[in-house]
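Next comes target.tsv, with TSV, C-alpha atoms.
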```tsv
chain	number	residue	atom	x	y	z
A	1	ASP	CA	0.00	0.00	0.00
A	2	CYS	CA	1.72	3.18	-1.24
A	3	THR	CA	-0.74	5.61	0.32
A	4	ARG	CA	1.32	6.71	3.32
A	5	ALA	CA	4.52	7.00	1.29
A	6	PHE	CA	2.84	9.37	-1.15
A	7	GLN	CA	1.33	11.38	1.68
A	8	ALA	CA	4.81	11.89	3.11
A	9	ALA	CA	6.17	12.90	-0.30
A	10	LEU	CA	3.33	15.38	-0.87
A	11	GLU	CA	3.99	16.98	2.52
A	12	ILE	CA	7.50	17.78	1.28
A	13	THR	CA	6.18	19.33	-1.94
A	14	ARG	CA	3.72	21.40	0.12
A	15	LEU	CA	6.46	22.77	2.32
A	16	HIS	CA	8.70	23.53	-0.66
A	17	PRO	CA	6.78	25.28	-3.47
A	18	GLY	CA	8.16	24.61	-6.94
A	19	THR	CA	9.20	21.03	-6.18
A	20	THR	CA	8.97	18.28	-8.81
A	21	LEU	CA	8.13	14.77	-7.63
A	22	GLN	CA	9.65	12.21	-10.00
A	23	LEU	CA	8.21	8.68	-10.08
A	24	LYS	CA	9.72	5.55	-11.52
A	25	SER	CA	7.54	3.88	-14.11
A	26	GLY	CA	5.74	0.80	-12.78
A	27	ASP	CA	2.69	-0.13	-10.71
A	28	TYR	CA	1.62	1.56	-7.47
A	29	HIS	CA	-1.25	0.27	-5.32
A	30	PHE	CA	-3.54	2.17	-2.95
A	31	TRP	CA	-6.18	1.08	-0.41
A	32	PRO	CA	-8.76	3.32	1.32
A	33	SER	CA	-7.72	2.36	4.87
A	34	HIS	CA	-4.95	5.00	5.00
A	35	ALA	CA	-6.47	7.45	2.52
A	36	ALA	CA	-7.04	11.10	3.41
A	37	LYS	CA	-10.67	11.78	4.38
A	38	ARG	CA	-12.50	15.02	3.67
A	39	ASP	CA	-16.16	16.12	3.80
A	40	HIS	CA	-16.31	17.09	0.14
A	41	TYR	CA	-19.46	17.06	-1.96
A	42	GLN	CA	-18.50	16.16	-5.51
A	43	SER	CA	-20.80	17.07	-8.40
A	44	ASN	CA	-22.66	14.23	-10.18
A	45	THR	CA	-21.63	11.96	-7.30
A	46	ASP	CA	-23.71	10.48	-4.50
A	47	ALA	CA	-23.62	12.56	-1.32
A	48	VAL	CA	-21.61	10.09	0.75
A	49	VAL	CA	-19.07	11.70	3.07
A	50	PRO	CA	-16.31	11.69	3.94
A	51	LYS	CA	-14.59	11.13	0.60
A	52	SER	CA	-11.35	9.14	0.50
A	53	TYR	CA	-8.32	10.39	-1.44
A	54	ALA	CA	-5.23	8.43	-2.37
A	55	LEU	CA	-3.35	11.59	-3.37
A	56	LEU	CA	-4.60	14.82	-1.84
A	57	LEU	CA	-2.81	18.11	-2.58
A	58	GLU	CA	-3.83	20.98	-0.32
A	59	GLY	CA	-2.43	24.52	-0.47
A	60	GLN	CA	0.34	23.50	-2.86
A	61	GLN	CA	2.08	25.91	-5.24
A	62	ARG	CA	3.99	25.11	-8.43
A	63	THR	CA	4.10	21.39	-7.68
A	64	ALA	CA	4.78	19.02	-10.57
A	65	ILE	CA	4.32	15.26	-10.44
A	66	GLU	CA	6.16	13.53	-13.28
A	67	CYS	CA	4.74	10.01	-13.32
A	68	ASN	CA	6.73	8.68	-16.31
A	69	GLY	CA	3.98	6.31	-17.42
A	70	ALA	CA	3.33	4.83	-13.96
A	71	THR	CA	0.02	3.06	-13.27
A	72	PHE	CA	-1.93	3.68	-10.07
A	73	PHE	CA	-4.17	0.79	-9.01
A	74	PHE	CA	-6.98	1.67	-6.60
A	75	HIS	CA	-8.47	-1.06	-4.42
A	76	GLY	CA	-11.91	-0.12	-3.16
A	77	PRO	CA	-13.90	3.12	-3.40
A	78	MET	CA	-11.72	6.23	-3.39
A	79	THR	CA	-10.90	9.31	-5.44
A	80	ALA	CA	-7.53	8.95	-7.10
A	81	ILE	CA	-6.41	12.59	-6.98
A	82	GLY	CA	-7.82	15.56	-5.10
A	83	LEU	CA	-6.65	19.18	-5.19
A	84	GLU	CA	-7.87	21.98	-2.94
A	85	GLY	CA	-6.56	25.52	-2.72
A	86	CYS	CA	-3.70	24.82	-5.11
A	87	THR	CA	-2.00	26.99	-7.74
A	88	ASN	CA	-0.04	25.94	-10.84
A	89	ILE	CA	-0.05	22.18	-10.44
A	90	THR	CA	1.04	19.80	-13.21
A	91	ILE	CA	0.55	16.03	-13.29
A	92	ARG	CA	1.98	14.19	-16.31
A	93	ARG	CA	2.00	10.72	-17.87
A	94	LEU	CA	-0.16	8.81	-15.40
A	95	ASN	CA	-2.51	5.86	-15.80
A	96	ILE	CA	-5.32	5.46	-13.24
A	97	THR	CA	-7.19	2.17	-13.00
A	98	THR	CA	-8.66	-0.42	-10.65
A	99	PRO	CA	-8.15	-4.19	-10.58
A	100	ARG	CA	-11.89	-4.72	-10.13
A	101	LEU	CA	-14.47	-2.52	-11.81
A	102	PHE	CA	-17.39	-1.30	-9.72
A	103	THR	CA	-19.78	-2.74	-12.27
A	104	SER	CA	-19.89	-6.28	-13.62
A	105	GLN	CA	-20.81	-7.52	-17.06
A	106	GLY	CA	-21.88	-10.60	-18.92
A	107	THR	CA	-22.60	-11.49	-22.54
A	108	VAL	CA	-26.21	-12.38	-23.38
A	109	VAL	CA	-26.14	-15.87	-24.96
A	110	GLU	CA	-29.86	-16.70	-24.62
A	111	SER	CA	-32.90	-14.57	-23.89
A	112	GLY	CA	-36.61	-14.95	-23.18
A	113	GLU	CA	-39.49	-12.68	-22.20
A	114	ASP	CA	-38.25	-12.05	-18.67
A	115	TRP	CA	-34.90	-13.85	-18.46
A	116	VAL	CA	-31.47	-14.04	-20.05
A	117	VAL	CA	-28.53	-16.42	-19.81
A	118	LEU	CA	-25.25	-14.60	-19.26
A	119	GLU	CA	-21.69	-15.73	-19.75
A	120	ILE	CA	-19.66	-14.01	-17.01
A	121	ASP	CA	-15.88	-14.04	-16.70
A	122	ARG	CA	-15.64	-15.14	-13.07
A	123	LYS	CA	-11.99	-14.08	-12.81
A	124	ARG	CA	-12.74	-10.49	-13.83
A	125	PHE	CA	-16.17	-10.31	-12.20
A	126	PRO	CA	-16.40	-12.64	-9.17
A	127	TYR	CA	-19.92	-13.42	-7.96
A	128	VAL	CA	-21.86	-15.73	-5.67
A	129	ILE	CA	-25.44	-16.96	-5.80
A	130	GLU	CA	-27.20	-17.63	-2.50
A	131	ASP	CA	-30.93	-18.25	-2.06
A	132	ALA	CA	-31.35	-17.52	-5.79
A	133	LYS	CA	-29.88	-14.02	-5.30
A	134	LEU	CA	-26.97	-12.82	-7.43
A	135	GLN	CA	-24.29	-10.97	-5.49
A	136	THR	CA	-21.09	-9.53	-6.89
A	137	VAL	CA	-17.79	-9.53	-5.00
A	138	VAL	CA	-15.49	-6.47	-5.05
A	139	GLU	CA	-12.35	-6.60	-2.90
A	140	GLY	CA	-14.00	-9.28	-0.77
A	141	VAL	CA	-17.20	-7.27	-0.22
A	142	ARG	CA	-20.51	-8.62	-1.51
A	143	SER	CA	-23.08	-6.33	-3.10
A	144	ARG	CA	-26.53	-6.91	-4.56
A	145	VAL	CA	-27.24	-6.04	-8.17
A	146	TRP	CA	-29.62	-3.06	-8.12
A	147	GLY	CA	-29.59	-1.93	-11.75
A	148	ARG	CA	-28.54	-2.88	-15.24
A	149	MET	CA	-27.67	-1.40	-18.60
A	150	GLU	CA	-27.55	-3.09	-21.98
A	151	TYR	CA	-24.59	-2.35	-24.20
A	152	ASP	CA	-24.98	-2.96	-27.92
A	153	ALA	CA	-21.78	-4.66	-29.04
A	154	ALA	CA	-22.54	-3.92	-32.71
A	155	ASP	CA	-22.78	-0.13	-32.63
A	156	GLY	CA	-20.97	0.59	-29.36
A	157	ARG	CA	-23.90	2.26	-27.61
A	158	PHE	CA	-26.03	1.65	-24.56
A	159	SER	CA	-29.41	0.61	-25.88
A	160	HIS	CA	-31.33	0.10	-22.65
A	161	SER	CA	-31.01	1.15	-19.03
A	162	GLU	CA	-33.17	0.13	-16.12
A	163	GLY	CA	-33.04	0.76	-12.41
A	164	SER	CA	-34.37	-2.63	-11.39
A	165	GLY	CA	-31.81	-5.31	-10.78
A	166	VAL	CA	-32.13	-9.08	-11.01
A	167	SER	CA	-35.07	-10.74	-9.28
A	168	ARG	CA	-33.70	-14.30	-9.32
A	169	ALA	CA	-30.57	-16.12	-10.51
A	170	GLU	CA	-29.43	-19.68	-11.12
A	171	GLU	CA	-25.97	-20.90	-12.07
A	172	LEU	CA	-26.26	-23.34	-14.97
A	173	ALA	CA	-22.50	-23.94	-15.12
A	174	PRO	CA	-19.42	-22.08	-13.86
A	175	GLY	CA	-19.58	-18.66	-15.48
A	176	ARG	CA	-22.99	-19.31	-17.05
A	177	VAL	CA	-25.87	-17.72	-15.15
A	178	LYS	CA	-29.58	-17.50	-15.87
A	179	VAL	CA	-31.18	-14.38	-14.43
A	180	TRP	CA	-34.81	-13.29	-14.25
A	181	GLY	CA	-36.21	-9.76	-14.14
A	182	THR	CA	-34.63	-8.57	-17.38
A	183	ARG	CA	-37.65	-7.64	-19.47
A	184	GLY	CA	-36.72	-5.49	-22.44
A	185	VAL	CA	-33.29	-6.95	-23.28
A	186	ALA	CA	-32.89	-6.60	-27.03
A	187	ARG	CA	-30.80	-9.47	-28.40
A	188	THR	CA	-28.12	-12.03	-27.80
A	189	GLY	CA	-24.53	-10.94	-28.24
A	190	ASN	CA	-25.09	-7.72	-26.30
A	191	ILE	CA	-23.38	-6.97	-23.00
A	192	LEU	CA	-25.49	-6.66	-19.87
A	193	VAL	CA	-23.78	-4.30	-17.41
A	194	LEU	CA	-24.77	-5.13	-13.82
A	195	ARG	CA	-24.74	-2.15	-11.47
A	196	HIS	CA	-23.98	-2.93	-7.83
A	197	HIS	CA	-22.15	0.15	-6.55
A	198	GLU	CA	-23.21	3.73	-5.98
A	199	ARG	CA	-21.32	6.64	-7.51
A	200	THR	CA	-19.44	7.47	-4.33
A	201	HIS	CA	-16.23	8.93	-5.77
A	202	ALA	CA	-14.96	10.85	-8.76
A	203	GLY	CA	-11.70	9.98	-10.49
A	204	VAL	CA	-10.15	13.43	-10.03
A	205	PHE	CA	-11.63	16.23	-7.88
A	206	ILE	CA	-10.40	19.85	-8.09
A	207	LEU	CA	-11.71	22.51	-5.70
A	208	GLY	CA	-10.75	26.19	-5.35
A	209	SER	CA	-7.62	25.81	-7.45
A	210	LYS	CA	-6.21	27.45	-10.57
A	211	GLY	CA	-3.55	26.72	-13.16
A	212	VAL	CA	-4.04	22.93	-12.91
A	213	THR	CA	-2.71	20.87	-15.83
A	214	LEU	CA	-3.37	17.16	-16.33
A	215	GLU	CA	-1.24	16.06	-19.26
A	216	ASP	CA	-1.38	12.56	-20.76
A	217	VAL	CA	-3.43	11.23	-17.85
A	218	GLU	CA	-5.61	8.22	-18.64
A	219	VAL	CA	-8.43	7.25	-16.25
```

Structure re-expressed in structure tokens:
Amino acid sequence: DCTRAFQAALEITRLHPGTTLQLKSGDYHFWPSHAAKRDHYQSNTDAVVPKSYALLLEGQQRTAIECNGATFFFHGPMTAIGLEGCTNITIRRLNITTPRLFTSQGTVVESGEDWVVLEIDRKRFPYVIEDAKLQTVVEGVRSRVWGRMEYDAADGRFSHSEGSGVSRAEELAPGRVKVWGTRGVARTGNILVLRHHERTHAGVFILGSKGVTLEDVEV
């Protein structure tokens, strides 16, 4: 967990305006347990406070973070980068990702009036079925499926979105799941995106700052 090491490094850049933090390329991992917590209300994000930040820059001036193509992996719900009250900040050549997405997905291989059969990659999208209820597993935490969206694999668009989740589920074989409560699914071959997490955090949050440059940053 690199969280505390980065917090220590950012304290140095705060105390010494104009400092450049140079990273080696490679993978860096962060967990929410040691993240900075702030009562921020992020736009287009559910009002859950406090927010967790892996990297939080506060009151910094002329700080540059040269990431050199490094990849930050975030385990669990957290905002990757937060800035508050900062001036002239530059962050370059950074990849931001998570080992486990906060949605799951399966390919529709069969469909009926109120059911579909999904092929789900269990390694990418772990799940369990108990008492005919489908639950996803993210970082060891189980969550119920509360919504779904249908992604049209042919034209690359979402063709259907519905707030209701899955009423019942049955595993036909490992990675092959029949689910009920899916009225309106268009056709086989499409991707059904299963929503099981609220929008608790943004990727990057900037508040009361100016002169902020994010260059070659992929989220």

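The coordinates place CA of Thr213 (chain A) at 16.2 Å from CA of Pro17 (chain A).
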
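Restricting the calculation to only C-alpha atoms, the smallest distance between Asn68 (chain A) and any of A:Arg4, A:His197, A:Arg93, A:Lys123 is found for A:Arg93.
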
Near Gly69 (chain A), counting all atoms listed in the file, which residues have an atom at most 8 Å away, once you skip same-chain residues fewer than 6 positions from it, shown as a short mmCIF file (atom, residue, chain, number, x, y, z; two decimals) with C-alpha atoms, in the frame of the given file?
```cif
data_model
loop_
_atom_site.label_atom_id
_atom_site.label_comp_id
_atom_site.auth_asym_id
_atom_site.auth_seq_id
_atom_site.Cartn_x
_atom_site.Cartn_y
_atom_site.Cartn_z
CA SER A 25 7.54 3.88 -14.11
CA GLY A 26 5.74 0.80 -12.78
CA ARG A 93 2.00 10.72 -17.87
CA LEU A 94 -0.16 8.81 -15.40
CA ASN A 95 -2.51 5.86 -15.80
#
```

CA of Thr3 (chain A) and CA of Thr19 (chain A) are how many Å apart? 19.5 Å

Give me, as a ChimeraX atom specification, all polymer residues having an atom no more than 10 Å from Ala36 (chain A), counting all atoms listed in the file and skipping those fewer than 6 positions away in the same chain. /A:3-4,7,50-56,78-79,82

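Across A:Val185, A:Ala47, A:Val116, A:Leu21, the tightest approach to Arg92 (chain A) is made by A:Leu21 when counting all atoms listed in the file.
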
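Each of A:Glu198, A:Trp180, A:Cys86, A:Tyr127 was compared to Ala64 (chain A) using all atoms listed in the file, and A:Cys86 turns out to be the nearest.
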
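Our summary of the geometry notes that CA of Ser167 (chain A) is positioned 15.3 Å from CA of Val193 (chain A).
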
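Each of A:Ala80, A:Ile129, A:Leu10, A:Ala153 was checked against Leu192 (chain A) using all atoms listed in the file; the smallest atom-to-atom distance is that of A:Ala153.
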
For Asp152 (chain A), which residue among A:Arg195, A:Arg187, A:His75, A:Arg122 is the nearest when counting only C-alpha atoms? A:Arg187

Please provide as an NGL selection string all residues within 12 Å of region 148-151 of chain A, with the sequence filter that same-chain residues fewer than 5 positions apart are discarded (counting only C-alpha atoms). :A and (103-108 or 116 or 156-167 or 179 or 181-197)
